[in-house]
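Quick look at protein_34.tsv (TSV, C-alpha atoms):
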chain	number	residue	atom	x	y	z
A	1	MET	CA	34.31	28.83	4.64
A	2	PRO	CA	33.39	31.73	2.35
A	3	ASN	CA	32.54	29.49	-0.62
A	4	PHE	CA	30.26	27.16	1.34
A	5	HIS	CA	26.81	26.97	-0.19
A	6	VAL	CA	23.91	24.55	-0.06
A	7	ILE	CA	20.71	25.66	-1.77
A	8	SER	CA	22.22	27.60	-4.66
A	9	GLY	CA	25.26	26.77	-6.74
A	10	ALA	CA	28.72	28.26	-6.77
A	11	GLY	CA	27.96	30.93	-9.39
A	12	ASP	CA	25.97	34.13	-9.23
A	13	LYS	CA	23.25	32.68	-11.46
A	14	LEU	CA	21.41	29.38	-11.29
A	15	ASP	CA	22.87	26.76	-13.63
A	16	MET	CA	19.77	25.13	-15.14
A	17	PRO	CA	20.85	21.95	-16.97
A	18	VAL	CA	19.24	21.07	-20.29
A	19	ILE	CA	17.23	17.82	-20.30
A	20	ARG	CA	17.40	15.34	-23.17
A	21	THR	CA	14.70	12.92	-24.30
A	22	ILE	CA	15.63	9.29	-23.64
A	23	HIS	CA	14.12	5.93	-24.54
A	24	MET	CA	14.00	2.42	-23.09
A	25	ALA	CA	17.11	1.52	-25.08
A	26	ASP	CA	19.00	4.15	-23.08
A	27	LEU	CA	18.02	2.42	-19.83
A	28	ILE	CA	19.37	-0.88	-21.13
A	29	ALA	CA	22.58	0.84	-22.25
A	30	ALA	CA	22.99	2.49	-18.84
A	31	LEU	CA	22.57	-0.87	-17.09
A	32	ARG	CA	25.16	-2.47	-19.37
A	33	GLN	CA	27.60	0.33	-18.68
A	34	GLY	CA	26.92	0.01	-14.96
A	35	MET	CA	27.71	-3.70	-15.10
A	36	ALA	CA	30.91	-2.95	-17.02
A	37	ASP	CA	32.00	-0.51	-14.29
A	38	PHE	CA	31.18	-3.07	-11.62
A	39	TRP	CA	33.08	-5.91	-13.30
A	40	GLU	CA	36.13	-3.71	-13.82
A	41	ARG	CA	37.09	-4.37	-10.17
A	42	PRO	CA	34.18	-6.20	-8.55
A	43	SER	CA	36.02	-7.30	-5.42
A	44	HIS	CA	36.74	-3.72	-4.47
A	45	TYR	CA	33.16	-2.66	-5.01
A	46	VAL	CA	31.72	-5.57	-3.05
A	47	MET	CA	34.03	-4.66	-0.14
A	48	LEU	CA	32.84	-1.08	-0.38
A	49	VAL	CA	29.18	-1.98	0.05
A	50	LEU	CA	29.48	-4.84	2.53
A	51	ILE	CA	28.35	-2.38	5.17
A	52	TYR	CA	24.82	-2.54	3.75
A	53	PRO	CA	24.34	-6.30	4.29
A	54	ILE	CA	25.86	-5.84	7.76
A	55	ILE	CA	23.36	-3.10	8.53
A	56	GLY	CA	20.58	-5.36	7.26
A	57	ILE	CA	21.61	-8.20	9.54
A	58	VAL	CA	21.84	-5.83	12.52
A	59	LEU	CA	18.37	-4.49	11.77
A	60	THR	CA	16.99	-8.04	11.60
A	61	VAL	CA	18.51	-8.90	14.97
A	62	TRP	CA	17.18	-5.64	16.41
A	63	MET	CA	13.67	-6.38	15.18
A	64	ASN	CA	13.83	-9.86	16.66
A	65	GLY	CA	14.96	-8.50	20.03
A	66	PHE	CA	12.55	-5.60	20.30
A	67	GLN	CA	9.49	-7.20	18.67
A	68	THR	CA	9.33	-4.72	15.80
A	69	TRP	CA	8.71	-7.30	13.07
A	70	PRO	CA	5.93	-5.20	11.48
A	71	LEU	CA	8.67	-2.83	10.28
A	72	LEU	CA	10.52	-5.59	8.39
A	73	TYR	CA	8.76	-5.00	5.06
A	74	PRO	CA	8.95	-1.17	5.32
A	75	LEU	CA	12.67	-1.38	6.15
A	76	VAL	CA	13.40	-3.68	3.20
A	77	GLY	CA	11.32	-1.52	0.86
A	78	GLY	CA	12.90	1.62	2.32
A	79	PHE	CA	16.25	0.80	0.74
A	80	ALA	CA	14.77	2.11	-2.50
A	81	LEU	CA	14.36	5.48	-0.75
A	82	ILE	CA	17.90	5.83	0.57
A	83	GLY	CA	19.56	3.98	-2.32
A	84	PRO	CA	20.47	7.16	-4.27
A	85	PHE	CA	22.43	8.47	-1.29
A	86	ALA	CA	23.98	5.09	-0.48
A	87	ALA	CA	25.47	4.92	-3.98
A	88	LEU	CA	27.31	8.26	-3.80
A	89	GLY	CA	30.78	6.77	-3.88
A	90	LEU	CA	29.87	4.62	-6.85
A	91	TYR	CA	28.88	7.66	-8.91
A	92	GLU	CA	32.32	9.09	-8.17
A	93	ILE	CA	34.08	5.91	-9.31
A	94	SER	CA	32.12	5.91	-12.58
A	95	ARG	CA	32.88	9.60	-13.06
A	96	ARG	CA	36.62	8.97	-12.69
A	97	ARG	CA	36.55	5.90	-14.92
A	98	GLU	CA	34.73	7.92	-17.58
A	99	GLN	CA	37.56	10.47	-17.51
A	100	GLY	CA	40.24	7.79	-17.73
A	101	LEU	CA	41.45	8.41	-14.17
A	102	ASP	CA	42.48	5.82	-11.60
A	103	SER	CA	39.25	4.47	-10.12
A	104	ASN	CA	39.99	2.04	-7.30
A	105	TRP	CA	37.59	1.71	-4.38
A	106	SER	CA	39.37	4.29	-2.21
A	107	HIS	CA	38.36	7.04	-4.63
A	108	ALA	CA	34.74	6.56	-3.57
A	109	PHE	CA	35.58	8.70	-0.56
A	110	GLY	CA	36.53	11.54	-2.86
A	111	VAL	CA	32.89	12.58	-2.58
A	112	LEU	CA	33.78	14.07	0.80
A	113	ARG	CA	36.05	16.59	-0.94
A	114	SER	CA	33.44	17.63	-3.51
A	115	PRO	CA	32.75	21.39	-3.70
A	116	ALA	CA	29.06	20.47	-3.58
A	117	ILE	CA	29.30	18.45	-0.35
A	118	GLY	CA	26.94	20.85	1.44
A	119	SER	CA	24.29	20.45	-1.25
A	120	ILE	CA	24.82	16.68	-1.34
A	121	ALA	CA	24.30	16.53	2.43
A	122	ALA	CA	21.14	18.65	2.16
A	123	VAL	CA	19.55	16.33	-0.42
A	124	GLY	CA	20.69	13.37	1.67
A	125	VAL	CA	18.92	14.78	4.72
A	126	MET	CA	15.78	15.16	2.62
A	127	LEU	CA	15.97	11.47	1.69
A	128	PHE	CA	16.38	10.36	5.29
A	129	VAL	CA	13.41	12.52	6.29
A	130	LEU	CA	11.36	10.75	3.61
A	131	PHE	CA	12.63	7.40	4.90
A	132	THR	CA	11.59	8.29	8.46
A	133	LEU	CA	8.17	9.49	7.31
A	134	TRP	CA	7.70	6.22	5.41
A	135	LEU	CA	8.48	4.13	8.51
A	136	THR	CA	6.18	6.31	10.62
A	137	ALA	CA	3.35	5.99	8.11
A	138	ALA	CA	3.85	2.22	7.87
A	139	GLN	CA	3.80	1.85	11.66
A	140	ALA	CA	0.65	3.99	11.90
A	141	LEU	CA	-1.07	1.89	9.24
A	142	TYR	CA	-0.18	-1.33	11.06
A	143	GLU	CA	-1.44	-0.05	14.41
A	144	SER	CA	-4.68	1.20	12.86
A	145	LEU	CA	-5.39	-2.37	11.68
A	146	PHE	CA	-3.90	-4.57	14.41
A	147	GLY	CA	-3.33	-2.36	17.43
A	148	SER	CA	-0.11	-1.46	19.21
A	149	SER	CA	0.91	-4.97	20.33
A	150	PRO	CA	3.21	-6.42	17.64
A	151	PRO	CA	3.80	-10.15	17.14
A	152	GLN	CA	6.76	-11.68	18.97
A	153	THR	CA	8.20	-13.54	15.96
A	154	LEU	CA	8.39	-13.39	12.20
A	155	SER	CA	6.09	-16.41	11.91
A	156	GLY	CA	3.59	-14.56	14.09
A	157	LEU	CA	3.69	-11.58	11.74
A	158	LEU	CA	3.15	-13.79	8.68
A	159	ALA	CA	0.21	-15.54	10.36
A	160	GLN	CA	-1.26	-12.15	11.20
A	161	VAL	CA	-0.87	-10.73	7.70
A	162	PHE	CA	-2.11	-13.78	5.80
A	163	GLY	CA	-4.60	-15.14	8.34
A	164	GLU	CA	-6.44	-12.11	9.72
A	165	PRO	CA	-8.95	-9.82	7.96
A	166	GLY	CA	-6.73	-6.74	8.04
A	167	GLY	CA	-3.77	-8.51	6.45
A	168	ILE	CA	-4.75	-7.96	2.83
A	169	THR	CA	-5.57	-4.33	3.59
A	170	LEU	CA	-2.14	-3.91	5.15
A	171	LEU	CA	-0.44	-5.36	2.07
A	172	LEU	CA	-2.45	-3.37	-0.47
A	173	VAL	CA	-2.54	-0.01	1.29
A	174	GLY	CA	1.03	-0.38	2.51
A	175	SER	CA	2.27	-1.14	-0.99
A	176	MET	CA	0.44	1.86	-2.46
A	177	LEU	CA	1.80	4.07	0.30
A	178	GLY	CA	5.32	2.79	-0.33
A	179	ALA	CA	4.91	3.37	-4.07
A	180	LEU	CA	3.95	6.99	-3.36
A	181	PHE	CA	7.09	7.56	-1.29
A	182	ALA	CA	9.17	5.84	-3.96
A	183	LEU	CA	7.67	8.10	-6.65
A	184	VAL	CA	8.53	11.22	-4.64
A	185	THR	CA	12.08	9.94	-4.23
A	186	LEU	CA	12.37	9.19	-7.94
A	187	CYS	CA	11.15	12.65	-8.92
A	188	THR	CA	13.43	14.50	-6.52
A	189	THR	CA	16.67	12.52	-6.70
A	190	VAL	CA	16.81	10.31	-9.80
A	191	ILE	CA	19.80	12.28	-11.11
A	192	ALA	CA	20.32	14.81	-8.30
A	193	PHE	CA	23.44	13.29	-6.75
A	194	PRO	CA	25.31	12.56	-10.01
A	195	LEU	CA	24.50	16.10	-11.14
A	196	LEU	CA	25.92	17.58	-7.93
A	197	LEU	CA	29.11	15.56	-8.29
A	198	ASP	CA	29.49	16.69	-11.89
A	199	ARG	CA	28.35	20.30	-11.55
A	200	ASP	CA	28.08	22.33	-8.36
A	201	VAL	CA	24.58	23.59	-9.13
A	202	GLY	CA	23.15	23.58	-5.59
A	203	ALA	CA	20.49	21.44	-3.93
A	204	PHE	CA	17.55	23.37	-5.37
A	205	VAL	CA	18.66	23.01	-9.00
A	206	ALA	CA	19.60	19.35	-8.48
A	207	VAL	CA	16.13	18.47	-7.18
A	208	GLU	CA	14.40	20.68	-9.76
A	209	THR	CA	16.40	19.09	-12.59
A	210	SER	CA	15.38	15.62	-11.42
A	211	PHE	CA	11.74	16.74	-11.55
A	212	ARG	CA	12.19	18.07	-15.07
A	213	ALA	CA	13.93	14.88	-16.15
A	214	VAL	CA	10.97	12.79	-14.97
A	215	LEU	CA	8.42	15.13	-16.55
A	216	ALA	CA	10.31	15.08	-19.87
A	217	ASN	CA	10.71	11.29	-19.84
A	218	PRO	CA	7.84	9.89	-17.75
A	219	GLY	CA	7.79	6.41	-19.31
A	220	PRO	CA	11.51	5.62	-19.19
A	221	MET	CA	11.95	7.23	-15.76
A	222	LEU	CA	9.03	5.32	-14.28
A	223	ALA	CA	10.45	2.13	-15.76
A	224	TRP	CA	13.83	2.98	-14.25
A	225	GLY	CA	12.25	3.47	-10.84
A	226	ILE	CA	10.50	0.10	-11.08
A	227	ILE	CA	13.69	-1.67	-12.17
A	228	VAL	CA	15.77	-0.16	-9.38
A	229	GLY	CA	13.09	-0.59	-6.72
A	230	ALA	CA	12.49	-4.23	-7.63
A	231	GLY	CA	16.22	-4.93	-7.78
A	232	LEU	CA	16.88	-3.38	-4.36
A	233	PHE	CA	13.94	-5.22	-2.85
A	234	LEU	CA	15.09	-8.57	-4.23
A	235	GLY	CA	18.66	-7.85	-3.18
A	236	ALA	CA	17.52	-7.14	0.37
A	237	LEU	CA	15.54	-10.37	0.75
A	238	PRO	CA	18.43	-12.82	1.35
A	239	LEU	CA	19.48	-11.10	4.61
A	240	PHE	CA	20.39	-8.00	2.57
A	241	VAL	CA	23.49	-9.76	1.17
A	242	GLY	CA	22.33	-9.29	-2.43
A	243	LEU	CA	22.68	-5.53	-1.97
A	244	ALA	CA	26.46	-6.01	-2.17
A	245	VAL	CA	25.97	-6.63	-5.90
A	246	VAL	CA	22.74	-4.79	-6.66
A	247	ILE	CA	23.72	-1.42	-5.17
A	248	PRO	CA	27.01	-1.03	-7.09
A	249	ILE	CA	25.49	-2.06	-10.42
A	250	PHE	CA	22.57	0.35	-10.07
A	251	GLY	CA	24.86	3.02	-8.66
A	252	HIS	CA	27.18	2.93	-11.65
A	253	ALA	CA	24.24	2.65	-14.04
A	254	THR	CA	22.64	5.76	-12.52
A	255	TRP	CA	25.73	7.78	-13.37
A	256	HIS	CA	25.46	6.69	-17.01
A	257	LEU	CA	21.72	7.40	-16.99
A	258	TYR	CA	22.53	10.92	-15.81
A	259	ARG	CA	24.91	11.35	-18.73
A	260	LYS	CA	22.18	10.33	-21.14
A	261	VAL	CA	19.52	12.58	-19.59
A	262	VAL	CA	21.44	15.82	-18.97
A	263	GLU	CA	23.21	17.83	-21.65
A	264	PRO	CA	26.90	18.30	-20.72
A	265	ALA	CA	27.74	21.78	-19.48
A	266	SER	CA	30.64	22.04	-21.96
A	267	MET	CA	28.31	21.56	-24.93
A	268	ILE	CA	25.90	24.21	-23.66
A	269	ARG	CA	28.62	26.77	-23.00
A	270	GLY	CA	30.27	26.06	-26.31
A	271	SER	CA	27.09	26.51	-28.32
Would you give me this structure, written as structure tokens?
Amino acid sequence: MPNFHVISGAGDKLDMPVIRTIHMADLIAALRQGMADFWERPSHYVMLVLIYPIIGIVLTVWMNGFQTWPLLYPLVGGFALIGPFAALGLYEISRRREQGLDSNWSHAFGVLRSPAIGSIAAVGVMLFVLFTLWLTAAQALYESLFGSSPPQTLSGLLAQVFGEPGGITLLLVGSMLGALFALVTLCTTVIAFPLLLDRDVGAFVAVETSFRAVLANPGPMLAWGIIVGAGLFLGALPLFVGLAVVIPIFGHATWHLYRKVVEPASMIRGS
């Protein structure tokens, strides 16, 4: 494929999007717009993301069978790391709805035909590498405090965490470590995927633009990360079933956040 590209965009020069300044009111507006997109056809969207609760249940059964309960908290928290990639189809639905096009659930798979699919895959691989590093770091932290013999049950893990001296250390250090990974994910992908769907700028520019967006709007972007992270964590608690609602709402809202943060290409070229 002669036009296939990953790191750079489709043009001869890098397309460097212009970043706007946003405020907390813009976050609230983006969430409201995301909810409006979700409620347009909620049954379709819930069907689209049912795979995530199913994956959650499978992971829970796997942990119970292979005595890997110490990874329960890192796996639940890790949804905040892979969430931007998991919501790809939802960005596409919001994009089509914004343009007045038909936007039923099947159009979510239109992402696969995007000219930027190579760049999207590259940023996705980066996220899964971060997710793997987070699980590895969490496992190493646990073993440094409790050794390599994990508890056989969930109740055993809870007794270990809340009844043994290293439990508080595990919670505090583990939470700070998770927050660091979440911050890296926020800085590199907060608007990377919506940008790639909208403009084929390449993986490098998409990640760099996300960094600039966070640097230009540190308060609102940090608040956004906290809102999304907390929502995904809470949605994952009831056997991951809540993700069937949380993921589509945040996914649609992220598209609208992108629109508020990045100057449209048409306005730049027309100026």
**segment 170-175 of chain A surroundings by only C-alpha atoms, 8 Å radius, close-in-sequence under 6 positions cut, as a ChimeraX atom specification** = /A:138,141-142,145,161
**Message:** My list of candidates is A:Tyr73, A:Pro115, A:Ile19, A:Thr153. Which is closest to Thr209 of chain A when distances are computed with only C-alpha atoms?
**Reply:**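 Smallest distance to Thr209 of chain A is found for A:Ile19.
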**Counting only C-alpha atoms, the option among A:Ala265, A:Val245, A:Leu158, A:Met126 closest to Leu90 of chain A** =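 That would be A:Val245, the residue with the smallest distance to Leu90 of chain A.
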**Message:** Taking 4 positions as the minimum chain separation for residues in the same chain, which residues sit within 12 Å of Gly147 of chain A when counting all atoms listed in the file? Answer as a list of chain:residue names.
**Reply:**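 The filter keeps A:Pro70, A:Gln139, A:Ala140, A:Leu141, A:Tyr142, A:Glu143, A:Pro151, A:Gln160, A:Gly166.
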**Asked** In terms of the shortest atom-to-atom distance over all atoms listed in the file, which of A:Tyr91, A:Phe79, A:Phe211, A:Phe162 is closest to Ile249 of chain A?
**Response**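 The answer is A:Tyr91, which sits nearest to Ile249 of chain A.
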